[in-house]
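Undergrad: Just one file: start.cif, with mmCIF, C-alpha atoms and all ligand atoms.
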data_upload
#
loop_
_atom_site.label_atom_id
_atom_site.label_comp_id
_atom_site.auth_asym_id
_atom_site.auth_seq_id
_atom_site.Cartn_x
_atom_site.Cartn_y
_atom_site.Cartn_z
CA MET Q 1 6.88 21.18 -33.66
CA THR Q 2 8.30 17.69 -33.92
CA GLY Q 3 10.82 15.57 -32.09
CA GLY Q 4 10.16 15.46 -28.35
CA ARG Q 5 13.21 15.63 -26.16
CA GLN Q 6 14.71 12.21 -25.89
CA ASP Q 7 15.79 10.80 -22.60
CA SER Q 8 15.65 7.25 -23.73
CA THR Q 9 16.26 5.25 -26.83
CA ASP Q 10 12.55 4.73 -27.38
CA ARG Q 11 11.75 5.34 -31.02
CA GLY Q 12 8.31 6.58 -30.00
CA THR Q 13 9.80 9.85 -28.73
CA GLU Q 14 10.34 10.89 -32.37
CA ARG Q 15 6.58 11.32 -32.64
CA LEU Q 16 6.38 13.69 -29.66
CA PRO Q 17 6.28 17.48 -29.91
CA ALA Q 18 9.39 19.37 -28.71
CA TRP Q 19 7.61 20.53 -25.54
CA VAL Q 20 7.38 16.99 -24.20
CA THR Q 21 10.19 15.10 -22.46
CA TRP Q 22 9.57 11.42 -21.97
CA GLN Q 23 11.62 9.21 -19.69
CA ARG Q 24 11.08 5.50 -19.68
CA ARG Q 25 11.89 3.93 -16.32
CA PRO Q 26 12.05 0.33 -15.16
CA PHE Q 27 9.99 -0.84 -12.18
CA PRO Q 28 9.45 0.16 -9.42
CA ASP Q 29 9.05 3.59 -11.05
CA ALA Q 30 6.37 4.76 -13.45
CA ASN Q 31 7.64 6.50 -16.59
CA LEU Q 32 8.06 10.27 -16.41
CA LEU Q 33 6.34 12.76 -18.69
CA LEU Q 34 7.53 16.36 -18.40
CA LEU Q 35 5.50 19.04 -20.19
CA HIS Q 36 7.46 22.21 -20.87
CA GLY Q 37 6.11 25.74 -21.14
CA ARG Q 38 4.89 28.51 -18.89
CA ARG Q 39 3.30 26.04 -16.45
CA PRO Q 40 5.79 23.17 -16.42
CA ALA Q 41 4.11 19.97 -15.30
CA LEU Q 42 5.13 16.43 -14.51
CA VAL Q 43 2.79 13.48 -15.00
CA ASP Q 44 3.39 10.90 -12.23
CA SER Q 45 6.41 10.97 -9.94
CA GLY Q 46 7.86 7.47 -9.50
CA PHE Q 47 8.49 5.41 -6.37
CA VAL Q 48 9.41 6.99 -3.02
CA GLY Q 49 12.73 5.11 -2.88
CA HIS Q 50 13.81 7.11 -5.95
CA ALA Q 51 12.14 10.44 -5.06
CA GLU Q 52 15.37 12.44 -4.98
CA GLU Q 53 16.44 11.05 -8.34
CA THR Q 54 13.01 11.96 -9.79
CA ALA Q 55 13.11 15.50 -8.40
CA ALA Q 56 16.69 16.02 -9.65
CA TRP Q 57 15.67 14.79 -13.11
CA ALA Q 58 12.72 17.20 -13.25
CA HIS Q 59 14.59 20.17 -11.79
CA ALA Q 60 17.49 19.70 -14.24
CA ARG Q 61 15.02 20.19 -17.08
CA GLU Q 62 12.56 22.70 -15.57
CA SER Q 63 13.52 25.04 -12.73
CA GLY Q 64 10.00 25.92 -11.61
CA LEU Q 65 7.78 22.87 -11.73
CA ALA Q 66 4.22 24.21 -11.33
CA MET Q 67 2.32 20.96 -11.05
CA VAL Q 68 2.44 17.21 -10.66
CA VAL Q 69 -0.55 15.34 -12.08
CA ASN Q 70 -1.08 11.79 -10.84
CA THR Q 71 -2.86 9.28 -13.07
CA HIS Q 72 -3.63 7.36 -9.86
CA TRP Q 73 -2.31 6.92 -6.37
CA HIS Q 74 -0.31 3.68 -6.52
CA SER Q 75 3.13 3.96 -4.91
CA ASP Q 76 5.05 3.85 -8.20
CA HIS Q 77 3.22 6.99 -9.42
CA VAL Q 78 3.19 9.30 -6.37
CA GLY Q 79 6.57 8.65 -4.72
CA ALA Q 80 8.12 12.07 -5.29
CA ASN Q 81 4.87 14.00 -4.66
CA SER Q 82 5.91 14.92 -1.12
CA LEU Q 83 9.35 16.17 -2.16
CA LEU Q 84 8.09 18.10 -5.20
CA GLN Q 85 5.20 19.59 -3.22
CA SER Q 86 7.68 20.87 -0.62
CA SER Q 87 9.55 22.66 -3.41
CA GLY Q 88 6.42 24.41 -4.65
CA ALA Q 89 4.64 22.14 -7.11
CA ALA Q 90 0.87 21.76 -6.75
CA ILE Q 91 -0.45 18.20 -6.78
CA ALA Q 92 -3.44 17.38 -9.01
CA ALA Q 93 -5.23 14.02 -8.86
CA GLY Q 94 -8.63 12.44 -9.40
CA ALA Q 95 -11.38 13.70 -7.11
CA PRO Q 96 -12.01 10.27 -5.45
CA ASP Q 97 -8.32 10.00 -4.52
CA ALA Q 98 -8.19 13.64 -3.38
CA GLY Q 99 -11.14 13.17 -1.02
CA ALA Q 100 -9.69 10.07 0.63
CA LEU Q 101 -6.27 11.75 0.94
CA ALA Q 102 -7.84 14.80 2.59
CA ARG Q 103 -9.49 12.49 5.16
CA ARG Q 104 -6.23 10.54 5.65
CA ASP Q 105 -8.28 7.44 4.94
CA PRO Q 106 -6.19 4.36 5.96
CA GLY Q 107 -6.83 2.96 2.47
CA CYS Q 108 -5.01 5.85 0.75
CA CYS Q 109 -2.69 4.84 -2.07
CA LEU Q 110 -3.33 1.23 -1.04
CA ALA Q 111 -0.01 1.81 0.71
CA GLU Q 112 -0.81 -0.31 3.75
CA TYR Q 113 -2.93 -2.86 1.87
CA LEU Q 114 -0.17 -3.49 -0.67
CA ASP Q 115 2.65 -2.91 1.86
CA GLN Q 116 4.25 -0.24 -0.34
CA PRO Q 117 5.58 2.97 1.27
CA VAL Q 118 4.32 6.39 0.13
CA ALA Q 119 5.55 9.69 1.62
CA PRO Q 120 2.71 11.96 2.88
CA TYR Q 121 1.22 14.47 0.44
CA THR Q 122 -2.01 16.31 -0.14
CA VAL Q 123 -3.96 17.02 -3.31
CA ASP Q 124 -4.21 20.73 -4.12
CA MET Q 125 -6.40 20.29 -7.18
CA PRO Q 126 -9.03 17.52 -7.32
CA LEU Q 127 -9.78 16.65 -10.95
CA GLN Q 128 -13.12 15.81 -12.55
CA ASP Q 129 -13.86 14.02 -15.80
CA GLY Q 130 -13.78 16.46 -18.71
CA GLN Q 131 -11.89 19.14 -16.83
CA VAL Q 132 -9.29 20.99 -18.91
CA LEU Q 133 -5.87 21.54 -17.40
CA ARG Q 134 -3.18 23.82 -18.75
CA LEU Q 135 0.06 21.84 -18.55
CA GLY Q 136 3.14 23.46 -20.03
CA ASP Q 137 1.58 25.59 -22.77
CA ALA Q 138 -1.06 23.10 -23.88
CA ASP Q 139 -4.56 22.22 -22.73
CA TRP Q 140 -5.06 18.64 -21.59
CA GLN Q 141 -8.42 17.06 -20.91
CA VAL Q 142 -8.96 14.84 -17.89
CA VAL Q 143 -10.49 11.48 -18.87
CA SER Q 144 -11.82 9.55 -15.90
CA THR Q 145 -10.83 5.90 -16.46
CA PRO Q 146 -11.83 3.82 -13.42
CA GLY Q 147 -10.85 0.16 -13.34
CA HIS Q 148 -7.23 -0.33 -12.29
CA THR Q 149 -8.19 1.98 -9.41
CA PRO Q 150 -11.53 3.81 -8.93
CA GLY Q 151 -9.83 7.23 -9.22
CA HIS Q 152 -7.65 6.42 -12.24
CA LEU Q 153 -7.49 9.08 -14.95
CA ALA Q 154 -5.91 9.61 -18.35
CA LEU Q 155 -4.84 12.89 -19.94
CA TRP Q 156 -5.76 13.80 -23.53
CA GLN Q 157 -4.15 16.53 -25.63
CA PRO Q 158 -6.48 16.88 -28.65
CA GLU Q 159 -4.32 19.06 -30.97
CA GLU Q 160 -1.30 16.76 -30.89
CA ARG Q 161 -3.50 13.70 -30.19
CA LEU Q 162 -1.34 12.63 -27.25
CA LEU Q 163 -2.85 10.32 -24.65
CA ALA Q 164 -1.18 9.63 -21.30
CA VAL Q 165 -2.88 6.48 -20.05
CA GLY Q 166 -1.25 5.69 -16.69
CA ASP Q 167 -1.71 2.00 -15.92
CA ALA Q 168 -4.87 1.56 -18.02
CA LEU Q 169 -2.73 -0.20 -20.63
CA SER Q 170 0.84 -0.55 -21.79
CA ASP Q 171 2.39 -1.92 -24.95
CA TYR Q 172 2.20 -5.41 -23.49
CA ASP Q 173 -0.63 -5.61 -20.96
CA VAL Q 174 -3.45 -3.97 -19.02
CA GLY Q 175 -3.55 -2.77 -15.44
CA TRP Q 176 -4.51 -5.39 -12.86
CA VAL Q 177 -7.85 -4.97 -11.13
CA ASN Q 178 -8.74 -5.63 -7.50
CA LEU Q 179 -12.09 -7.44 -7.41
CA ALA Q 180 -11.95 -7.84 -3.62
CA LEU Q 181 -11.55 -4.12 -2.87
CA ASP Q 182 -13.26 -2.53 -5.85
CA GLY Q 183 -16.03 -5.07 -6.41
CA PRO Q 184 -16.85 -7.66 -9.10
CA ASP Q 185 -17.52 -4.89 -11.65
CA ALA Q 186 -13.97 -3.51 -11.53
CA ALA Q 187 -12.88 -5.52 -14.58
CA ALA Q 188 -15.91 -4.40 -16.61
CA LEU Q 189 -15.23 -0.80 -15.58
CA ALA Q 190 -11.63 -1.15 -16.76
CA LEU Q 191 -12.82 -2.54 -20.09
CA ASN Q 192 -15.25 0.38 -20.54
CA SER Q 193 -12.48 2.85 -19.71
CA LEU Q 194 -10.22 1.23 -22.32
CA ARG Q 195 -12.96 1.48 -24.96
CA ARG Q 196 -13.33 5.16 -24.14
CA LEU Q 197 -9.60 5.71 -24.56
CA ALA Q 198 -9.46 3.71 -27.81
CA ASP Q 199 -12.27 5.87 -29.22
CA LEU Q 200 -10.04 8.94 -28.86
CA ASN Q 201 -7.80 7.38 -31.55
CA PRO Q 202 -4.55 8.91 -30.28
CA LYS Q 203 -1.51 9.48 -32.47
CA VAL Q 204 0.82 8.73 -29.54
CA LEU Q 205 -0.01 6.56 -26.55
CA LEU Q 206 2.04 7.32 -23.44
CA PRO Q 207 1.83 4.45 -20.95
CA ALA Q 208 3.21 4.63 -17.41
CA HIS Q 209 5.23 1.44 -17.89
CA GLY Q 210 7.19 0.09 -20.82
CA PRO Q 211 7.83 1.66 -24.21
CA ILE Q 212 5.69 4.00 -26.30
CA PRO Q 213 3.70 1.58 -28.51
CA THR Q 214 4.72 1.90 -32.16
CA ASP Q 215 1.12 1.24 -33.21
CA PRO Q 216 -1.48 2.65 -30.79
CA GLY Q 217 -4.31 0.83 -32.58
CA ALA Q 218 -2.58 -2.53 -32.19
CA ALA Q 219 -1.81 -1.80 -28.53
CA PHE Q 220 -5.50 -1.05 -27.91
CA ALA Q 221 -6.60 -4.20 -29.75
CA THR Q 222 -4.33 -6.35 -27.54
CA ALA Q 223 -5.34 -4.50 -24.38
CA LEU Q 224 -9.06 -4.81 -25.15
CA ARG Q 225 -8.68 -8.58 -25.60
CA ARG Q 226 -6.79 -8.86 -22.31
CA ALA Q 227 -9.31 -6.67 -20.48
CA GLN Q 228 -12.17 -8.79 -21.84
CA ARG Q 229 -10.38 -11.89 -20.51
CA LEU Q 230 -10.25 -10.32 -17.03
CA VAL Q 231 -14.03 -9.78 -17.25
CA ASP Q 232 -14.70 -13.34 -18.45
CA ASP Q 233 -12.34 -15.00 -15.96
CA PRO Q 234 -12.55 -13.39 -12.49
CA ALA Q 235 -10.28 -16.05 -10.98
CA GLY Q 236 -7.67 -15.27 -13.63
CA ALA Q 237 -8.01 -11.58 -12.76
CA VAL Q 238 -7.34 -12.34 -9.07
CA TRP Q 239 -4.27 -14.40 -10.00
CA TYR Q 240 -3.00 -11.67 -12.31
CA GLY Q 241 -3.26 -9.04 -9.57
CA ALA Q 242 -1.59 -11.27 -6.97
CA ARG Q 243 1.35 -11.98 -9.28
CA ARG Q 244 1.87 -8.29 -10.03
CA ILE Q 245 1.60 -7.24 -6.37
CA PHE Q 246 4.02 -9.92 -5.14
CA ALA Q 247 6.58 -9.20 -7.90
CA PHE Q 248 6.50 -5.51 -6.93
CA ALA Q 249 7.01 -6.42 -3.24
CA LEU Q 250 10.10 -8.42 -4.15
CA MET Q 251 11.46 -5.57 -6.29
CA ILE Q 252 11.27 -2.90 -3.60
CA ARG Q 253 12.77 -5.25 -0.98
CA ASP Q 254 15.62 -6.56 -3.12
CA GLY Q 255 14.00 -9.97 -2.74
CA LEU Q 256 13.00 -11.86 0.40
CA PRO Q 257 14.87 -14.68 2.20
CA SER Q 258 13.05 -17.90 1.24
CA ALA Q 259 12.20 -18.66 4.86
CA GLU Q 260 10.40 -15.31 5.17
CA VAL Q 261 8.30 -15.62 2.02
CA GLU Q 262 5.38 -17.55 3.50
CA PRO Q 263 5.07 -15.49 6.72
CA TYR Q 264 5.37 -12.32 4.63
CA LEU Q 265 2.58 -13.39 2.30
CA LEU Q 266 0.28 -14.62 5.09
CA ALA Q 267 0.51 -11.23 6.81
CA ARG Q 268 -0.73 -9.38 3.71
CA ALA Q 269 -4.33 -8.23 3.38
CA TRP Q 270 -4.16 -8.50 -0.43
CA LEU Q 271 -3.18 -12.16 -0.18
CA THR Q 272 -5.96 -13.16 2.21
CA ASP Q 273 -8.44 -11.21 0.04
CA ALA Q 274 -7.22 -13.02 -3.08
CA ALA Q 275 -7.40 -16.40 -1.36
CA ARG Q 276 -10.98 -15.69 -0.29
CA GLN Q 277 -11.93 -14.70 -3.84
CA LEU Q 278 -10.49 -18.00 -5.06
CA ASP Q 279 -12.11 -19.98 -2.25
CA ARG Q 280 -8.74 -21.26 -1.02
CA LYS Q 281 -6.98 -21.24 2.33
CA PRO Q 282 -4.41 -18.40 2.48
CA GLU Q 283 -1.64 -20.95 3.22
CA ASP Q 284 -2.54 -22.97 0.13
CA PHE Q 285 -2.83 -19.93 -2.10
CA ALA Q 286 0.52 -18.53 -0.89
CA THR Q 287 2.25 -21.82 -1.78
CA GLU Q 288 0.48 -22.02 -5.14
CA LEU Q 289 1.36 -18.42 -5.97
CA VAL Q 290 5.08 -18.87 -5.32
CA ASP Q 291 5.16 -22.22 -7.15
CA ALA Q 292 3.35 -20.79 -10.17
CA MET Q 293 5.66 -17.76 -10.31
CA LEU Q 294 8.76 -19.97 -10.00
CA ARG Q 295 7.46 -22.19 -12.80
CA SER Q 296 6.72 -19.26 -15.11
CA GLY Q 297 10.08 -17.65 -14.37
CA ALA Q 298 8.48 -14.50 -12.88
CA VAL Q 299 10.48 -15.06 -9.68
CA VAL Q 300 13.85 -16.75 -9.19
CA LEU Q 301 15.74 -18.13 -6.19
CA ARG Q 302 19.27 -16.77 -5.86
CA ALA Q 303 21.49 -17.44 -2.84
CA GLY Q 304 18.55 -18.26 -0.61
CA ARG Q 305 16.50 -15.20 -1.62
CA LEU Q 306 13.43 -15.03 -3.80
CA HIS Q 307 13.75 -12.22 -6.39
CA ALA Q 308 11.50 -10.78 -9.08
CA ALA Q 309 12.91 -11.71 -12.48
CA ALA Q 310 11.64 -8.69 -14.44
CA GLU Q 311 14.02 -5.82 -15.03
CA HIS Q 312 13.89 -3.38 -12.12
CA ALA Q 313 16.00 -0.63 -10.58
CA PRO Q 314 17.50 -1.35 -7.16
CA VAL Q 315 15.96 0.44 -4.19
CA THR Q 316 18.76 1.24 -1.79
CA ALA Q 317 17.27 3.98 0.43
CA ARG Q 318 16.60 2.05 3.66
CA SER Q 319 15.00 5.19 5.17
CA LEU Q 320 11.94 4.56 3.06
CA TRP Q 321 10.90 1.75 5.40
CA ALA Q 322 10.46 4.39 8.13
CA VAL Q 323 7.81 6.16 6.00
CA PRO Q 324 4.49 5.88 7.89
CA PHE Q 325 1.35 4.45 6.34
CA PRO Q 326 -1.43 6.98 5.61
CA ARG Q 327 -3.30 6.27 8.87
CA ALA Q 328 -0.28 7.83 10.64
CA TRP Q 329 0.26 10.71 8.22
CA PRO Q 330 0.05 14.23 9.66
CA ALA Q 331 -3.34 15.85 9.07
CA GLN Q 332 -3.81 17.73 5.82
CA GLY Q 333 -2.64 21.31 6.18
CA THR Q 334 0.41 20.35 8.21
CA VAL Q 335 2.24 18.47 5.46
CA ASN Q 336 5.02 20.63 4.03
CA ASP Q 337 3.43 23.63 5.78
CA ARG Q 338 0.87 23.95 3.04
ZN ZN B 401 -1.05 1.25 -10.71
#
Please lay out the structure from this file as structure tokens.
TA:
Amino acid sequence: MTGGRQDSTDRGTERLPAWVTWQRRPFPDANLLLLHGRRPALVDSGFVGHAEETAAWAHARESGLAMVVNTHWHSDHVGANSLLQSSGAAIAAGAPDAGALARRDPGCCLAEYLDQPVAPYTVDMPLQDGQVLRLGDADWQVVSTPGHTPGHLALWQPEERLLAVGDALSDYDVGWVNLALDGPDAAALALNSLRRLADLNPKVLLPAHGPIPTDPGAAFATALRRAQRLVDDPAGAVWYGARRIFAFALMIRDGLPSAEVEPYLLARAWLTDAARQLDRKPEDFATELVDAMLRSGAVVLRAGRLHAAAEHAPVTARSLWAVPFPRAWPAQGTVNDR
């Protein structure tokens, strides 16, 4: 079968089998990958502020979604988990993430650490490296790819040579790493994970952000160079993470009034961690971060508000700010009566 169902103008979808629907989405949502067949499955579920849109998209194409598989637990990948789980889908995710979610560990999803809301969910199926999952009508192999997060995984379909890589790489960059939380080896782990993925030599690379790369080999070559740079330059890796986290914060808040930017940043655990890694005072690092992002054009000032410049979808659902952080989630077993 050829010619995956096209929900975008991406030319890469021409290389997908007909039982795959790919939807490219701008930030703050991860791309959607819907696998049709007897066990319809969705890979990643977007940001919580767009959960209803995500569920409507999936349900319009598959009435009985059997499973959602998360590549990792960042808020832009698990946002509709709660809603889809309440309508009967099982949630599958890496075993490290599943364990922490079962304990309602305050660090879950990095929701509180990154100040990004995530609606409560539980993992029904913890996944191990090498495990084979039937998604749609095809068997996909779980490839543990720690680095961007410790529980990050990729999904490999050997017959069609499809590789869903989450945030491990995209057509234009690699996932940021958190050296403060995950240790100084996080960048080296990410590099090893990338090498493992490159060795699979996929025909089609399906990243969670951006387009399907036209040349998977070239995308890997670029990503491996960037990942090596994060290993060689830990300070650069800290800067890279801080820029990505702050841009995301601005996207989901529709910007911040300029007067609130510094107090906002100084109240964030990720910022004080980054400042410590760089041996700077948090106040100094916050100023430097905003200045550097203004200079590079990553953020812009408009009518007294600081906005992220990158293309992103507006988040209008104010109710999402009432979503509790994981430390206040109901205990597992009470969520959605499961
Ligand atoms: Zn991520």
Undergrad: How close does each residue of chain Q get to ligand ZN 401 (chain B), giving the shortest atom pair and distance in Å to one decimal for every residue with an atom at most 12 Å away, counting only C-alpha atoms and all ligand atoms, sorted by chain and residue number, as JSON lines?
TA:
{"residue": "Q:Phe27", "atom": "CA", "partner": "B:ZN401", "partner_atom": "ZN", "distance": 11.3}
{"residue": "Q:Pro28", "atom": "CA", "partner": "B:ZN401", "partner_atom": "ZN", "distance": 10.6}
{"residue": "Q:Asp29", "atom": "CA", "partner": "B:ZN401", "partner_atom": "ZN", "distance": 10.4}
{"residue": "Q:Ala30", "atom": "CA", "partner": "B:ZN401", "partner_atom": "ZN", "distance": 8.7}
{"residue": "Q:Asn31", "atom": "CA", "partner": "B:ZN401", "partner_atom": "ZN", "distance": 11.7}
{"residue": "Q:Asp44", "atom": "CA", "partner": "B:ZN401", "partner_atom": "ZN", "distance": 10.7}
{"residue": "Q:Gly46", "atom": "CA", "partner": "B:ZN401", "partner_atom": "ZN", "distance": 10.9}
{"residue": "Q:Phe47", "atom": "CA", "partner": "B:ZN401", "partner_atom": "ZN", "distance": 11.3}
{"residue": "Q:Asn70", "atom": "CA", "partner": "B:ZN401", "partner_atom": "ZN", "distance": 10.5}
{"residue": "Q:Thr71", "atom": "CA", "partner": "B:ZN401", "partner_atom": "ZN", "distance": 8.6}
{"residue": "Q:His72", "atom": "CA", "partner": "B:ZN401", "partner_atom": "ZN", "distance": 6.7}
{"residue": "Q:Trp73", "atom": "CA", "partner": "B:ZN401", "partner_atom": "ZN", "distance": 7.3}
{"residue": "Q:His74", "atom": "CA", "partner": "B:ZN401", "partner_atom": "ZN", "distance": 4.9}
{"residue": "Q:Ser75", "atom": "CA", "partner": "B:ZN401", "partner_atom": "ZN", "distance": 7.6}
{"residue": "Q:Asp76", "atom": "CA", "partner": "B:ZN401", "partner_atom": "ZN", "distance": 7.1}
{"residue": "Q:His77", "atom": "CA", "partner": "B:ZN401", "partner_atom": "ZN", "distance": 7.3}
{"residue": "Q:Val78", "atom": "CA", "partner": "B:ZN401", "partner_atom": "ZN", "distance": 10.1}
{"residue": "Q:Cys109", "atom": "CA", "partner": "B:ZN401", "partner_atom": "ZN", "distance": 9.5}
{"residue": "Q:Leu110", "atom": "CA", "partner": "B:ZN401", "partner_atom": "ZN", "distance": 9.9}
{"residue": "Q:Ala111", "atom": "CA", "partner": "B:ZN401", "partner_atom": "ZN", "distance": 11.5}
{"residue": "Q:Leu114", "atom": "CA", "partner": "B:ZN401", "partner_atom": "ZN", "distance": 11.1}
{"residue": "Q:Gln116", "atom": "CA", "partner": "B:ZN401", "partner_atom": "ZN", "distance": 11.7}
{"residue": "Q:Pro146", "atom": "CA", "partner": "B:ZN401", "partner_atom": "ZN", "distance": 11.4}
{"residue": "Q:Gly147", "atom": "CA", "partner": "B:ZN401", "partner_atom": "ZN", "distance": 10.2}
{"residue": "Q:His148", "atom": "CA", "partner": "B:ZN401", "partner_atom": "ZN", "distance": 6.6}
{"residue": "Q:Thr149", "atom": "CA", "partner": "B:ZN401", "partner_atom": "ZN", "distance": 7.3}
{"residue": "Q:Pro150", "atom": "CA", "partner": "B:ZN401", "partner_atom": "ZN", "distance": 10.9}
{"residue": "Q:Gly151", "atom": "CA", "partner": "B:ZN401", "partner_atom": "ZN", "distance": 10.7}
{"residue": "Q:His152", "atom": "CA", "partner": "B:ZN401", "partner_atom": "ZN", "distance": 8.5}
{"residue": "Q:Leu153", "atom": "CA", "partner": "B:ZN401", "partner_atom": "ZN", "distance": 11.0}
{"residue": "Q:Val165", "atom": "CA", "partner": "B:ZN401", "partner_atom": "ZN", "distance": 10.9}
{"residue": "Q:Gly166", "atom": "CA", "partner": "B:ZN401", "partner_atom": "ZN", "distance": 7.5}
{"residue": "Q:Asp167", "atom": "CA", "partner": "B:ZN401", "partner_atom": "ZN", "distance": 5.3}
{"residue": "Q:Ala168", "atom": "CA", "partner": "B:ZN401", "partner_atom": "ZN", "distance": 8.3}
{"residue": "Q:Leu169", "atom": "CA", "partner": "B:ZN401", "partner_atom": "ZN", "distance": 10.2}
{"residue": "Q:Ser170", "atom": "CA", "partner": "B:ZN401", "partner_atom": "ZN", "distance": 11.4}
{"residue": "Q:Val174", "atom": "CA", "partner": "B:ZN401", "partner_atom": "ZN", "distance": 10.1}
{"residue": "Q:Gly175", "atom": "CA", "partner": "B:ZN401", "partner_atom": "ZN", "distance": 6.7}
{"residue": "Q:Trp176", "atom": "CA", "partner": "B:ZN401", "partner_atom": "ZN", "distance": 7.8}
{"residue": "Q:Val177", "atom": "CA", "partner": "B:ZN401", "partner_atom": "ZN", "distance": 9.2}
{"residue": "Q:Asn178", "atom": "CA", "partner": "B:ZN401", "partner_atom": "ZN", "distance": 10.8}
{"residue": "Q:Pro207", "atom": "CA", "partner": "B:ZN401", "partner_atom": "ZN", "distance": 11.1}
{"residue": "Q:Ala208", "atom": "CA", "partner": "B:ZN401", "partner_atom": "ZN", "distance": 8.6}
{"residue": "Q:His209", "atom": "CA", "partner": "B:ZN401", "partner_atom": "ZN", "distance": 9.5}
{"residue": "Q:Gly241", "atom": "CA", "partner": "B:ZN401", "partner_atom": "ZN", "distance": 10.6}
{"residue": "Q:Arg244", "atom": "CA", "partner": "B:ZN401", "partner_atom": "ZN", "distance": 10.0}
{"residue": "Q:Ile245", "atom": "CA", "partner": "B:ZN401", "partner_atom": "ZN", "distance": 9.9}
{"residue": "Q:Phe248", "atom": "CA", "partner": "B:ZN401", "partner_atom": "ZN", "distance": 10.8}
Undergrad: Report as a PyMOL selection string all protein, DNA and RNA residues lying within 7 Å of Pro106 of chain Q, evaluated on all atoms listed in the file, omitting residues in the same chain fewer than 2 positions from it.
TA: chain Q and resi 104+108+326-327
Undergrad: Okay, now the selection with C-alpha atoms, as a CSV table (one decimal), in the coordinates of the input?
TA:
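File out-v9.csv, as written:
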chain,number,residue,atom,x,y,z
Q,104,ARG,CA,-6.2,10.5,5.6
Q,108,CYS,CA,-5.0,5.8,0.8
Q,326,PRO,CA,-1.4,7.0,5.6
Q,327,ARG,CA,-3.3,6.3,8.9
Undergrad: In Å, with one decimal, what is the gap from atom CA of Thr287 of chain Q to atom CA of Arg318 of chain Q?
TA: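 Going from atom CA of Thr287 of chain Q over to atom CA of Arg318 of chain Q, I get 28.4 Å.
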Undergrad: Counting all atoms listed in the file, which residue out of Q:Met293, Q:Arg253, Q:Val132, Q:Pro234 sits closest to Trp321 of chain Q?
TA: Q:Arg253
Undergrad: What is the atom CA of Asp215 of chain Q-atom CA of Pro202 of chain Q distance in Å, reported with one decimal?
TA: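 Computing the Euclidean distance for atom CA of Asp215 of chain Q and atom CA of Pro202 of chain Q yields 10.0 Å.
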